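Contents: one structure, followed by commentary.
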Amino acid sequence: MKINEIKDKKTWEEFIQIYSPQSLFQSWNWGEAVKEAQSLWRVGVYDKDNLVGIAQVVKVVARRGTFLHIRHGPILKEWNSRCVNFLLDYLEELSSKEKAGFIRISPLIENSETNKSFLRNFGFKDAQIHRMDGEVCWVLDLEGDEEVLLSNMRKTTRYLIKQAQKLGVEIKKCKTVDDLKEFLSLYRETALRQHFVQHQGIVEEFKEFIKDDQILLLKGYYQKKLLAAALIVFYNHQAIYHHSASVEQKIPVNYLLQWEAIKEAKKRGEKVYNFWGIAPEGNSRHPWLGLTLFKRGFGGRIIEYMHAKDLPLSYLYCTTYIVEWVRKIWKGY
């Protein structure tokens, strides 16, 4: 077996499409968006001359610790000990060179005891970060016509979509970087109001994904005032509700905005509309409870992937573990 850098986008994306098409953060375009700000490696695992695995590795330097992060990956043709051991040897050597205290992975594989036990055998443990990156997500299958989709919604959701239409709410679809300015201003206001950390790479992501017509900004206006906006990513037969912002108001703009995003996804031939993360069942303190109720109202089903795993490589990992555990408990995750 051998590890080689992959420089060909076509080879990379074809492997993802076959073995883990939902893995947005392993996509070539996402890597292009982050590599200017962070060190990034795209590697392939080869068995003889056959590509059997890929990993887009990012070095994260944070106050809580430096680590190598493989979001939505690695992606392997088969999860067997031989392949995982070989990849880990490479990653541990890279970690040593980059002075990283641990390796974090979050492959989008089944949240089964078999998979958990398999990774424990290599020394992986549950990351103390909350369940981010769509590990527990709400998805809507886009089969059937618009009337079928509407009939499967919660009655209140369907009513609020029609109410927004009657009130004259306008949804604009935007594809230029200049259109982001208004969104980013609203996004900053939303972050301050809801006390979350702003994502710093939105402009870079937009610039990369728009090259392949894989992203769309939807803005919702009432009486010419922007009240809500959302960035939707279209990747491997799914539409993903990726970033959003809004003001506190009683006009049901967000309901119509989501309905227009769903219709756009259907028009593009996507199979699934992914509302992204929701609160896990059984947590009455979770900060996403209101958002979860909103998303579920459109109809759909839960998909749950295995939680992110950490492989500690240094005693310094203890600091990261404690900091992330405290943050998770304090915020109600």
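We name chains A, B, ... following the order of the structure tokens; residues begin at 1 in each chain, and ligands are numbered from 1 as shown.
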Sorted by chain and rising residue number, which residues of stretch 214-307 of chain A lie within 12 Å of stretch 191-194 of chain A, and what are their closest atom pairs and distances in Å to one decimal, counting only C-alpha atoms, as a tab-separated table?
residue	atom	partner	partner_atom	distance
A:His243	CA	A:Ala191	CA	11.4
A:Ser244	CA	A:Ala191	CA	10.1
A:Ala245	CA	A:Ala191	CA	8.2
A:Ser246	CA	A:Ala191	CA	9.8
A:Val247	CA	A:Arg193	CA	9.1
A:Glu248	CA	A:Arg193	CA	9.3
A:Pro287	CA	A:Gln194	CA	9.5
A:Trp288	CA	A:Gln194	CA	10.8
A:Leu291	CA	A:Gln194	CA	11.9
- Task: Would you kindly return, as a PyMOL selection string, each protein, DNA or RNA residue with an atom no farther than 12 Å from any atom of A:Val326, considering only C-alpha atoms and excluding same-chain residues fewer than 6 positions away?
- Result: chain A and resi 64+128-130+319-320+332-333
Could those selected residues go to a file with C-alpha atoms, as a compact mmCIF listing (two decimals), in the first residue's frame?
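That gives us result.txt:
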# COMPACT_ATOMS: atom_id res chain seq x y z
CA ARG A 64 -7.72 24.72 22.92
CA GLN A 128 -16.28 16.32 23.27
CA ILE A 129 -17.36 18.79 20.58
CA HIS A 130 -21.14 19.01 20.10
CA THR A 319 -6.73 20.44 27.74
CA THR A 320 -8.81 20.19 24.56
CA GLY A 332 -26.71 22.91 26.57
CA TYR A 333 -25.51 20.57 23.84
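Closest approach to A:Glu208 among A:Asp8, A:Glu13, A:Glu143, A:Glu32: A:Glu32, based on only C-alpha atoms.
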Show which residues sit within 12 Å of A:Tyr321, as a PDB file with N, CA and C atoms, in the first residue's frame. Count only C-alpha atoms, and ignore same-chain residues fewer than 6 positions away.
ATOM      1  N   ARG A  64      -7.521  25.965  22.168  1.00  0.00           N
ATOM      2  CA  ARG A  64      -7.722  24.720  22.923  1.00  0.00           C
ATOM      3  C   ARG A  64      -6.772  23.612  22.487  1.00  0.00           C
ATOM      4  N   GLY A  65      -6.016  23.841  21.398  1.00  0.00           N
ATOM      5  CA  GLY A  65      -5.059  22.843  20.939  1.00  0.00           C
ATOM      6  C   GLY A  65      -4.940  22.804  19.429  1.00  0.00           C
ATOM      7  N   GLY A 101      -1.605  17.761  18.470  1.00  0.00           N
ATOM      8  CA  GLY A 101      -1.776  16.941  19.663  1.00  0.00           C
ATOM      9  C   GLY A 101      -2.732  15.776  19.498  1.00  0.00           C
ATOM     10  N   PHE A 102      -3.570  15.825  18.448  1.00  0.00           N
ATOM     11  CA  PHE A 102      -4.500  14.724  18.206  1.00  0.00           C
ATOM     12  C   PHE A 102      -5.032  14.785  16.783  1.00  0.00           C
ATOM     13  N   ARG A 104      -8.610  14.294  14.571  1.00  0.00           N
ATOM     14  CA  ARG A 104     -10.071  14.218  14.676  1.00  0.00           C
ATOM     15  C   ARG A 104     -10.657  13.801  13.329  1.00  0.00           C
ATOM     16  N   LYS A 125     -11.570   7.892  20.600  1.00  0.00           N
ATOM     17  CA  LYS A 125     -12.597   8.106  21.618  1.00  0.00           C
ATOM     18  C   LYS A 125     -13.531   9.214  21.142  1.00  0.00           C
ATOM     19  N   ASP A 126     -14.709   9.285  21.743  1.00  0.00           N
ATOM     20  CA  ASP A 126     -15.673  10.313  21.350  1.00  0.00           C
ATOM     21  C   ASP A 126     -15.104  11.705  21.553  1.00  0.00           C
ATOM     22  N   ALA A 127     -15.219  12.551  20.525  1.00  0.00           N
ATOM     23  CA  ALA A 127     -14.845  13.951  20.670  1.00  0.00           C
ATOM     24  C   ALA A 127     -15.855  14.640  21.580  1.00  0.00           C
ATOM     25  N   GLN A 128     -15.385  15.617  22.358  1.00  0.00           N
ATOM     26  CA  GLN A 128     -16.276  16.324  23.273  1.00  0.00           C
ATOM     27  C   GLN A 128     -16.939  17.541  22.616  1.00  0.00           C
ATOM     28  N   ILE A 129     -16.678  17.745  21.328  1.00  0.00           N
ATOM     29  CA  ILE A 129     -17.360  18.790  20.584  1.00  0.00           C
ATOM     30  C   ILE A 129     -18.821  18.375  20.400  1.00  0.00           C
ATOM     31  N   HIS A 130     -19.734  19.362  20.295  1.00  0.00           N
ATOM     32  CA  HIS A 130     -21.143  19.007  20.100  1.00  0.00           C
ATOM     33  C   HIS A 130     -21.345  18.389  18.714  1.00  0.00           C
ATOM     34  N   LYS A 309     -14.720  11.409  16.183  1.00  0.00           N
ATOM     35  CA  LYS A 309     -13.798  10.658  17.041  1.00  0.00           C
ATOM     36  C   LYS A 309     -12.434  11.332  17.074  1.00  0.00           C
ATOM     37  N   ASP A 310     -11.798  11.260  18.241  1.00  0.00           N
ATOM     38  CA  ASP A 310     -10.455  11.811  18.424  1.00  0.00           C
ATOM     39  C   ASP A 310      -9.454  10.702  18.715  1.00  0.00           C
ATOM     40  N   LEU A 311      -8.266  10.851  18.143  1.00  0.00           N
ATOM     41  CA  LEU A 311      -7.151   9.968  18.463  1.00  0.00           C
ATOM     42  C   LEU A 311      -6.080  10.805  19.161  1.00  0.00           C
ATOM     43  N   PRO A 312      -6.011  10.742  20.512  1.00  0.00           N
ATOM     44  CA  PRO A 312      -5.013  11.541  21.244  1.00  0.00           C
ATOM     45  C   PRO A 312      -3.593  11.075  20.932  1.00  0.00           C
ATOM     46  N   SER A 314      -0.909  13.206  22.362  1.00  0.00           N
ATOM     47  CA  SER A 314      -0.085  13.927  23.324  1.00  0.00           C
ATOM     48  C   SER A 314      -0.898  14.161  24.590  1.00  0.00           C
ATOM     49  N   TYR A 315      -0.221  14.333  25.698  1.00  0.00           N
ATOM     50  CA  TYR A 315      -0.897  14.654  26.955  1.00  0.00           C
ATOM     51  C   TYR A 315      -1.641  15.987  26.873  1.00  0.00           C
ATOM     52  N   ARG A 327     -17.548  23.618  27.434  1.00  0.00           N
ATOM     53  CA  ARG A 327     -18.329  24.420  26.485  1.00  0.00           C
ATOM     54  C   ARG A 327     -19.626  23.709  26.104  1.00  0.00           C
ATOM     55  N   LYS A 328     -19.544  22.433  25.870  1.00  0.00           N
ATOM     56  CA  LYS A 328     -20.707  21.650  25.455  1.00  0.00           C
ATOM     57  C   LYS A 328     -21.783  21.656  26.546  1.00  0.00           C
TER      58      LYS A 328
END
